[in-house]
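Undergrad: A single structure is presented below for examination.
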Amino acid sequence: MRARRQGWVCVLLSLTLLTGPSPALADDEDTAATATPVVGRVVDENGWPLAELAASLESPDAPIWGDTWTHTDAAGGFRFDLELDTAVSGAQVLLWDDLGQFADRSLTAPELTPGVAVDLGTIVLRSFPNIGRSATAVDTTSRAAVRAAYARGYAKLVRKEKTPKVHGCTVGVTSIALQRREVAAINYFRSMAGLNPVRLDSGLSAKATKAALIQAKQRHLNHYPSSSTKCYTAIGGETSARSNLSYGWVGARNIGGYIADPGSHNYPAGHRLWLLNPTMQRYGTGYAGTYNAGYVVADEPDAFLATSPIPAWLPWPSAGYFPSQLEPGGRWSFTTARSDVDFTRATVAVRVNGKVVKIRPHLTGGYGYQAGLTWDFAKRPKVTAKGSVTVAVTVSGISVRGVTTVNQAYQVILFRA
């Protein structure tokens, strides 16, 4: 939390008369301070009011008396009740977000004249600097584009891969070709979601290999391995906590497994959300046998400085046409990277070809720096070789900053790519 305060120190000077009687002094006539309200309203790019923004009014050249610090109300409004005895130019209105979503913003107020109310109007703040889909995103409104992207970006990458062997506490290097195929598969999934691609980082891959070795030696997956584990290293232990971990799948197929995220203990779909983290820029991968560590938490989120496009909502499977071969076993998700959105009371309704179906919803738990919901189908939608299935999803009761409730609806058309 940031706080801005203005402090004023009053110094009282006393005058001692050394000789003679006190003269008759005329009283100073102070200029009466006049009430001067300054108001405004703050909304986001959707027109949703931004409650609980901190706001202050400051002047670098002249003191401003009165209430100069406040928070926006449920309608996004703010009000400063000033006491002015002279006109003030160049006053700055400062806005910042204790919830961490919106960047600090300053604007210059018009000249403040004693007794003249000022309405700054509606101020629009963007939830992300660049909202929208990446230039490399697949056009999911086109069946042909989705089919071509699937063939090029995923299907041709899946193959039987050779994994490095483990000898004592030494493990071979994961081949660069395998690493590149994994990153290409990640970027395919990210392009379907509308996200920017990530790049392979050899330093992260070296660390991931040390984490994979620990997993292989303990013969089970654990993000927080014991330091007593054979072949344990501090780097490997730390990387285990910052990585997706798997056993059995290798290469692009392993990335597909992370995205599907099967298993009762993976209901928040955390592996998927880390790979679809909008702020992710780098990835590293390493194997010890078929034990894998994929380094996913290398870049801390910074929504204010990010320049890459970020979609407002991140459904998976993504909206539009979607390859039925990659339908994630009935485990779907709907998330956002906004930190001021709450899904605690949100609900999900799903129709398959117009028929209401049963699902079991869950909260995501904040993986991948995202808030949202996942849900499991009681009976997953299936597609015949030449047919398609339309899945209509409505997410209701999403709370924005505790004052605005919004609903989002979209369709996914599953087809054999």
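All residue names refer to the structure tokens as shown: chains lettered A, B, ... in order, residues numbered from 1 in each chain, ligands numbered from 1 in order.
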Residues at most 9 Å from Leu221 (chain A), counting only C-alpha atoms, excluding those fewer than 6 positions away in the same chain, as a ChimeraX atom specification?

TA: /A:214-215,245-247,291

Undergrad: Take the residues just selected and output them with N, CA and C atoms as a compact mmCIF listing (two decimals), in the first residue's frame.

TA:
```txt
# COMPACT_ATOMS: atom_id res chain seq x y z
N ILE A 214 16.39 -34.97 -9.25
CA ILE A 214 15.86 -35.22 -7.90
C ILE A 214 14.59 -36.04 -7.97
N GLN A 215 13.70 -35.69 -8.91
CA GLN A 215 12.44 -36.43 -9.03
C GLN A 215 12.72 -37.89 -9.39
N LEU A 245 6.00 -30.54 -13.07
CA LEU A 245 6.69 -31.83 -12.94
C LEU A 245 5.84 -32.94 -13.53
N SER A 246 6.48 -33.88 -14.23
CA SER A 246 5.73 -35.00 -14.81
C SER A 246 6.62 -36.23 -14.89
N TYR A 247 5.97 -37.34 -15.18
CA TYR A 247 6.69 -38.59 -15.38
C TYR A 247 5.97 -39.41 -16.45
N TYR A 291 11.42 -38.55 -16.31
CA TYR A 291 11.02 -37.53 -15.33
C TYR A 291 11.35 -36.15 -15.91
```

Undergrad: If we count only C-alpha atoms and set the cut-off at 8 Å, which residues sit around region 400-412 of chain A, ignoring sequence neighbours fewer than 4 positions away in its own chain? Please answer as a VMD selection string.

TA: chain A and resid 48 to 52 74 to 75 317 to 322 340 to 342 390 to 396

Undergrad: May I have the residues from that selection written out with N, CA and C atoms, as a PDB file, in the first residue's frame?

TA:
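Generated output (again-v1.pdb):
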```
ATOM      1  N   TRP A  48     -16.580  -0.156 -16.429  1.00  0.00           N
ATOM      2  CA  TRP A  48     -16.850  -0.637 -15.069  1.00  0.00           C
ATOM      3  C   TRP A  48     -16.199   0.301 -14.065  1.00  0.00           C
ATOM      4  N   PRO A  49     -16.924   0.729 -13.027  1.00  0.00           N
ATOM      5  CA  PRO A  49     -16.349   1.659 -12.049  1.00  0.00           C
ATOM      6  C   PRO A  49     -15.197   1.034 -11.288  1.00  0.00           C
ATOM      7  N   LEU A  50     -14.197   1.835 -11.007  1.00  0.00           N
ATOM      8  CA  LEU A  50     -13.018   1.372 -10.285  1.00  0.00           C
ATOM      9  C   LEU A  50     -13.091   1.862  -8.842  1.00  0.00           C
ATOM     10  N   ALA A  51     -13.651   1.023  -7.989  1.00  0.00           N
ATOM     11  CA  ALA A  51     -13.745   1.341  -6.569  1.00  0.00           C
ATOM     12  C   ALA A  51     -12.413   1.085  -5.878  1.00  0.00           C
ATOM     13  N   GLU A  52     -12.227   1.762  -4.765  1.00  0.00           N
ATOM     14  CA  GLU A  52     -11.069   1.568  -3.895  1.00  0.00           C
ATOM     15  C   GLU A  52      -9.734   1.936  -4.542  1.00  0.00           C
ATOM     16  N   ALA A  74     -17.999   3.250  -4.628  1.00  0.00           N
ATOM     17  CA  ALA A  74     -18.496   2.118  -5.409  1.00  0.00           C
ATOM     18  C   ALA A  74     -18.800   2.491  -6.853  1.00  0.00           C
ATOM     19  N   ALA A  75     -19.076   3.758  -7.108  1.00  0.00           N
ATOM     20  CA  ALA A  75     -19.340   4.210  -8.477  1.00  0.00           C
ATOM     21  C   ALA A  75     -18.073   4.696  -9.170  1.00  0.00           C
ATOM     22  N   PRO A 317     -10.854 -25.115 -23.327  1.00  0.00           N
ATOM     23  CA  PRO A 317     -10.461 -24.808 -24.690  1.00  0.00           C
ATOM     24  C   PRO A 317     -10.840 -23.383 -25.088  1.00  0.00           C
ATOM     25  N   SER A 318     -10.054 -22.821 -25.984  1.00  0.00           N
ATOM     26  CA  SER A 318     -10.270 -21.439 -26.407  1.00  0.00           C
ATOM     27  C   SER A 318     -11.554 -21.323 -27.213  1.00  0.00           C
ATOM     28  N   ALA A 319     -12.137 -20.131 -27.197  1.00  0.00           N
ATOM     29  CA  ALA A 319     -13.392 -19.894 -27.899  1.00  0.00           C
ATOM     30  C   ALA A 319     -13.188 -20.009 -29.407  1.00  0.00           C
ATOM     31  N   GLY A 320     -14.243 -20.428 -30.104  1.00  0.00           N
ATOM     32  CA  GLY A 320     -14.177 -20.605 -31.544  1.00  0.00           C
ATOM     33  C   GLY A 320     -13.951 -22.065 -31.892  1.00  0.00           C
ATOM     34  N   TYR A 321     -13.346 -22.310 -33.038  1.00  0.00           N
ATOM     35  CA  TYR A 321     -13.047 -23.686 -33.454  1.00  0.00           C
ATOM     36  C   TYR A 321     -11.879 -24.233 -32.635  1.00  0.00           C
ATOM     37  N   PHE A 322     -11.979 -25.514 -32.293  1.00  0.00           N
ATOM     38  CA  PHE A 322     -10.962 -26.119 -31.431  1.00  0.00           C
ATOM     39  C   PHE A 322     -10.816 -27.594 -31.795  1.00  0.00           C
ATOM     40  N   ASP A 340      -8.030  -7.930  -9.740  1.00  0.00           N
ATOM     41  CA  ASP A 340      -9.130  -7.326  -8.989  1.00  0.00           C
ATOM     42  C   ASP A 340     -10.468  -7.987  -9.311  1.00  0.00           C
ATOM     43  N   VAL A 341     -10.420  -9.229  -9.790  1.00  0.00           N
ATOM     44  CA  VAL A 341     -11.623  -9.974 -10.151  1.00  0.00           C
ATOM     45  C   VAL A 341     -11.761 -11.186  -9.240  1.00  0.00           C
ATOM     46  N   ASP A 342     -12.982 -11.454  -8.793  1.00  0.00           N
ATOM     47  CA  ASP A 342     -13.233 -12.538  -7.845  1.00  0.00           C
ATOM     48  C   ASP A 342     -14.289 -13.493  -8.416  1.00  0.00           C
ATOM     49  N   THR A 390     -20.956 -28.285 -30.616  1.00  0.00           N
ATOM     50  CA  THR A 390     -20.918 -26.900 -30.141  1.00  0.00           C
ATOM     51  C   THR A 390     -21.174 -26.877 -28.639  1.00  0.00           C
ATOM     52  N   VAL A 391     -20.231 -26.342 -27.920  1.00  0.00           N
ATOM     53  CA  VAL A 391     -20.339 -26.233 -26.465  1.00  0.00           C
ATOM     54  C   VAL A 391     -20.499 -24.754 -26.116  1.00  0.00           C
ATOM     55  N   ALA A 392     -21.651 -24.400 -25.546  1.00  0.00           N
ATOM     56  CA  ALA A 392     -21.931 -23.018 -25.145  1.00  0.00           C
ATOM     57  C   ALA A 392     -21.715 -22.881 -23.644  1.00  0.00           C
ATOM     58  N   VAL A 393     -20.894 -21.915 -23.257  1.00  0.00           N
ATOM     59  CA  VAL A 393     -20.529 -21.721 -21.849  1.00  0.00           C
ATOM     60  C   VAL A 393     -20.961 -20.322 -21.414  1.00  0.00           C
ATOM     61  N   THR A 394     -21.584 -20.241 -20.245  1.00  0.00           N
ATOM     62  CA  THR A 394     -21.913 -18.961 -19.638  1.00  0.00           C
ATOM     63  C   THR A 394     -21.379 -18.944 -18.214  1.00  0.00           C
ATOM     64  N   VAL A 395     -20.492 -17.996 -17.942  1.00  0.00           N
ATOM     65  CA  VAL A 395     -19.954 -17.816 -16.589  1.00  0.00           C
ATOM     66  C   VAL A 395     -20.635 -16.582 -16.005  1.00  0.00           C
ATOM     67  N   SER A 396     -21.367 -16.760 -14.915  1.00  0.00           N
ATOM     68  CA  SER A 396     -22.162 -15.677 -14.323  1.00  0.00           C
ATOM     69  C   SER A 396     -21.653 -15.338 -12.930  1.00  0.00           C
TER      70      SER A 396
END
```

Undergrad: Which residues are close to region 40-47 of chain A, i.e. within 6 Å by only C-alpha atoms, leaving aside same-chain residues fewer than 4 positions away? Reply as a list in words.

TA: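 Residues near the query, excluding close chain neighbours: Gly76, Gly77, Phe78, Asp119, Leu120, Gly121, Thr122, Ile123, Val124, Leu125 and Arg126 of chain A.
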
Undergrad: Show me, as JSON lines, the residues of region 230-344 of chain A having an atom within 6 Å of region 162-173 of chain A, each with the closest atom pair and its distance in Å, using only C-alpha atoms.

TA:
```
{"residue": "A:Cys231", "atom": "CA", "partner": "A:Cys169", "partner_atom": "CA", "distance": 5.4}
{"residue": "A:Ala288", "atom": "CA", "partner": "A:Pro164", "partner_atom": "CA", "distance": 5.9}
{"residue": "A:Gly289", "atom": "CA", "partner": "A:Thr163", "partner_atom": "CA", "distance": 5.3}
```

Undergrad: According to DSSP computed on the backbone, where in region 309-384 of chain A is there strand (DSSP E)? Give the residues as a ChimeraX atom specification.

TA: /A:314-316,320-323,331-336,341-342,347-352,355-356,359-363,371-377

Undergrad: Would you export the selected residues with N, CA, C and O atoms as a CSV table (one decimal), in the first residue's frame, please?

TA:
```csv
chain,number,residue,atom,x,y,z
A,314,LEU,N,-9.4,-15.7,-20.6
A,314,LEU,CA,-8.7,-16.9,-21.1
A,314,LEU,C,-9.4,-18.2,-20.9
A,314,LEU,O,-9.1,-18.9,-20.0
A,315,PRO,N,-10.3,-18.5,-21.8
A,315,PRO,CA,-11.0,-19.8,-21.7
A,315,PRO,C,-10.1,-20.9,-22.3
A,315,PRO,O,-9.4,-20.6,-23.2
A,316,TRP,N,-10.2,-22.1,-21.7
A,316,TRP,CA,-9.6,-23.3,-22.3
A,316,TRP,C,-10.5,-24.5,-22.2
A,316,TRP,O,-10.9,-24.8,-21.1
A,320,GLY,N,-14.2,-20.4,-30.1
A,320,GLY,CA,-14.2,-20.6,-31.5
A,320,GLY,C,-14.0,-22.1,-31.9
A,320,GLY,O,-14.3,-23.0,-31.1
A,321,TYR,N,-13.3,-22.3,-33.0
A,321,TYR,CA,-13.0,-23.7,-33.5
A,321,TYR,C,-11.9,-24.2,-32.6
A,321,TYR,O,-10.9,-23.5,-32.3
A,322,PHE,N,-12.0,-25.5,-32.3
A,322,PHE,CA,-11.0,-26.1,-31.4
A,322,PHE,C,-10.8,-27.6,-31.8
A,322,PHE,O,-11.8,-28.3,-31.9
A,323,PRO,N,-9.6,-28.1,-31.9
A,323,PRO,CA,-9.4,-29.5,-32.3
A,323,PRO,C,-9.9,-30.5,-31.2
A,323,PRO,O,-9.5,-30.4,-30.0
A,331,ARG,N,-11.9,-31.5,-18.7
A,331,ARG,CA,-11.5,-30.5,-17.7
A,331,ARG,C,-11.3,-29.2,-18.4
A,331,ARG,O,-10.3,-28.9,-19.0
A,332,TRP,N,-12.2,-28.3,-18.2
A,332,TRP,CA,-12.2,-27.0,-18.9
A,332,TRP,C,-11.9,-25.9,-17.9
A,332,TRP,O,-12.0,-26.1,-16.6
A,333,SER,N,-11.5,-24.7,-18.4
A,333,SER,CA,-11.2,-23.6,-17.5
A,333,SER,C,-11.6,-22.2,-18.1
A,333,SER,O,-11.7,-22.1,-19.3
A,334,PHE,N,-11.8,-21.3,-17.2
A,334,PHE,CA,-12.1,-19.9,-17.7
A,334,PHE,C,-11.4,-19.0,-16.7
A,334,PHE,O,-11.7,-19.0,-15.5
A,335,THR,N,-10.4,-18.2,-17.1
A,335,THR,CA,-9.6,-17.4,-16.2
A,335,THR,C,-9.4,-16.0,-16.7
A,335,THR,O,-9.7,-15.7,-17.9
A,336,THR,N,-8.8,-15.1,-15.9
A,336,THR,CA,-8.3,-13.8,-16.3
A,336,THR,C,-7.1,-13.5,-15.5
A,336,THR,O,-6.9,-14.0,-14.4
A,341,VAL,N,-10.4,-9.2,-9.8
A,341,VAL,CA,-11.6,-10.0,-10.2
A,341,VAL,C,-11.8,-11.2,-9.2
A,341,VAL,O,-10.8,-11.9,-8.9
A,342,ASP,N,-13.0,-11.5,-8.8
A,342,ASP,CA,-13.2,-12.5,-7.8
A,342,ASP,C,-14.3,-13.5,-8.4
A,342,ASP,O,-15.4,-13.1,-8.9
A,347,THR,N,-20.8,-18.8,-11.1
A,347,THR,CA,-21.4,-20.1,-11.5
A,347,THR,C,-21.1,-20.3,-13.0
A,347,THR,O,-20.9,-19.4,-13.8
A,348,VAL,N,-21.2,-21.6,-13.4
A,348,VAL,CA,-21.0,-21.9,-14.8
A,348,VAL,C,-22.1,-22.8,-15.3
A,348,VAL,O,-22.6,-23.7,-14.6
A,349,ALA,N,-22.7,-22.4,-16.5
A,349,ALA,CA,-23.7,-23.2,-17.1
A,349,ALA,C,-23.2,-23.6,-18.5
A,349,ALA,O,-22.6,-22.8,-19.2
A,350,VAL,N,-23.4,-24.9,-18.8
A,350,VAL,CA,-22.8,-25.4,-20.1
A,350,VAL,C,-23.9,-26.2,-20.8
A,350,VAL,O,-24.7,-27.0,-20.3
A,351,ARG,N,-24.0,-25.9,-22.1
A,351,ARG,CA,-24.9,-26.6,-23.0
A,351,ARG,C,-24.0,-27.3,-24.1
A,351,ARG,O,-23.2,-26.6,-24.7
A,352,VAL,N,-24.3,-28.5,-24.4
A,352,VAL,CA,-23.6,-29.2,-25.5
A,352,VAL,C,-24.7,-29.5,-26.6
A,352,VAL,O,-25.7,-30.2,-26.3
A,355,LYS,N,-28.1,-28.8,-25.3
A,355,LYS,CA,-28.6,-29.5,-24.2
A,355,LYS,C,-27.8,-29.2,-22.9
A,355,LYS,O,-26.6,-29.3,-23.0
A,356,VAL,N,-28.5,-28.9,-21.8
A,356,VAL,CA,-27.8,-28.6,-20.6
A,356,VAL,C,-27.1,-29.9,-20.1
A,356,VAL,O,-27.7,-31.0,-20.1
A,359,ILE,N,-21.9,-30.4,-14.7
A,359,ILE,CA,-20.4,-30.2,-14.5
A,359,ILE,C,-20.2,-30.1,-13.1
A,359,ILE,O,-21.1,-29.9,-12.3
A,360,ARG,N,-18.9,-30.1,-12.7
A,360,ARG,CA,-18.5,-29.9,-11.3
A,360,ARG,C,-17.4,-28.8,-11.3
A,360,ARG,O,-16.3,-29.0,-11.8
A,361,PRO,N,-17.8,-27.6,-10.8
A,361,PRO,CA,-16.9,-26.4,-10.9
A,361,PRO,C,-15.9,-26.4,-9.7
A,361,PRO,O,-16.2,-26.9,-8.6
A,362,HIS,N,-14.7,-25.7,-9.9
A,362,HIS,CA,-13.7,-25.5,-8.9
A,362,HIS,C,-13.1,-24.2,-9.1
A,362,HIS,O,-13.1,-23.7,-10.2
A,363,LEU,N,-12.5,-23.6,-8.0
A,363,LEU,CA,-11.7,-22.4,-8.2
A,363,LEU,C,-10.3,-22.8,-8.6
A,363,LEU,O,-9.8,-23.8,-8.2
A,371,ALA,N,-7.0,-15.7,-11.9
A,371,ALA,CA,-8.2,-16.0,-11.1
A,371,ALA,C,-9.2,-16.6,-12.1
A,371,ALA,O,-9.2,-16.3,-13.3
A,372,GLY,N,-10.0,-17.5,-11.6
A,372,GLY,CA,-11.0,-18.1,-12.4
A,372,GLY,C,-11.6,-19.4,-11.9
A,372,GLY,O,-11.4,-19.7,-10.7
A,373,LEU,N,-12.2,-20.2,-12.8
A,373,LEU,CA,-12.8,-21.4,-12.5
A,373,LEU,C,-12.3,-22.5,-13.4
A,373,LEU,O,-12.0,-22.3,-14.6
A,374,THR,N,-12.3,-23.7,-12.9
A,374,THR,CA,-12.2,-24.9,-13.8
A,374,THR,C,-13.5,-25.7,-13.5
A,374,THR,O,-14.2,-25.5,-12.5
A,375,TRP,N,-13.8,-26.6,-14.4
A,375,TRP,CA,-14.9,-27.5,-14.2
A,375,TRP,C,-14.7,-28.8,-15.0
A,375,TRP,O,-14.0,-28.9,-16.0
A,376,ASP,N,-15.2,-29.9,-14.4
A,376,ASP,CA,-15.1,-31.2,-15.0
A,376,ASP,C,-16.5,-31.6,-15.5
A,376,ASP,O,-17.5,-31.5,-14.8
A,377,PHE,N,-16.6,-32.1,-16.7
A,377,PHE,CA,-17.8,-32.6,-17.3
A,377,PHE,C,-18.1,-34.0,-16.6
A,377,PHE,O,-17.3,-34.8,-16.5
```

Undergrad: Can you list, as a count of residues only, all residues belonging to region 146-272 of chain A that DSSP tags as alpha helix (DSSP H)?

TA: 63

Undergrad: So how far away is CA of Val297 (chain A) from CA of Ser202 (chain A), in Å?

TA: 14.8 Å
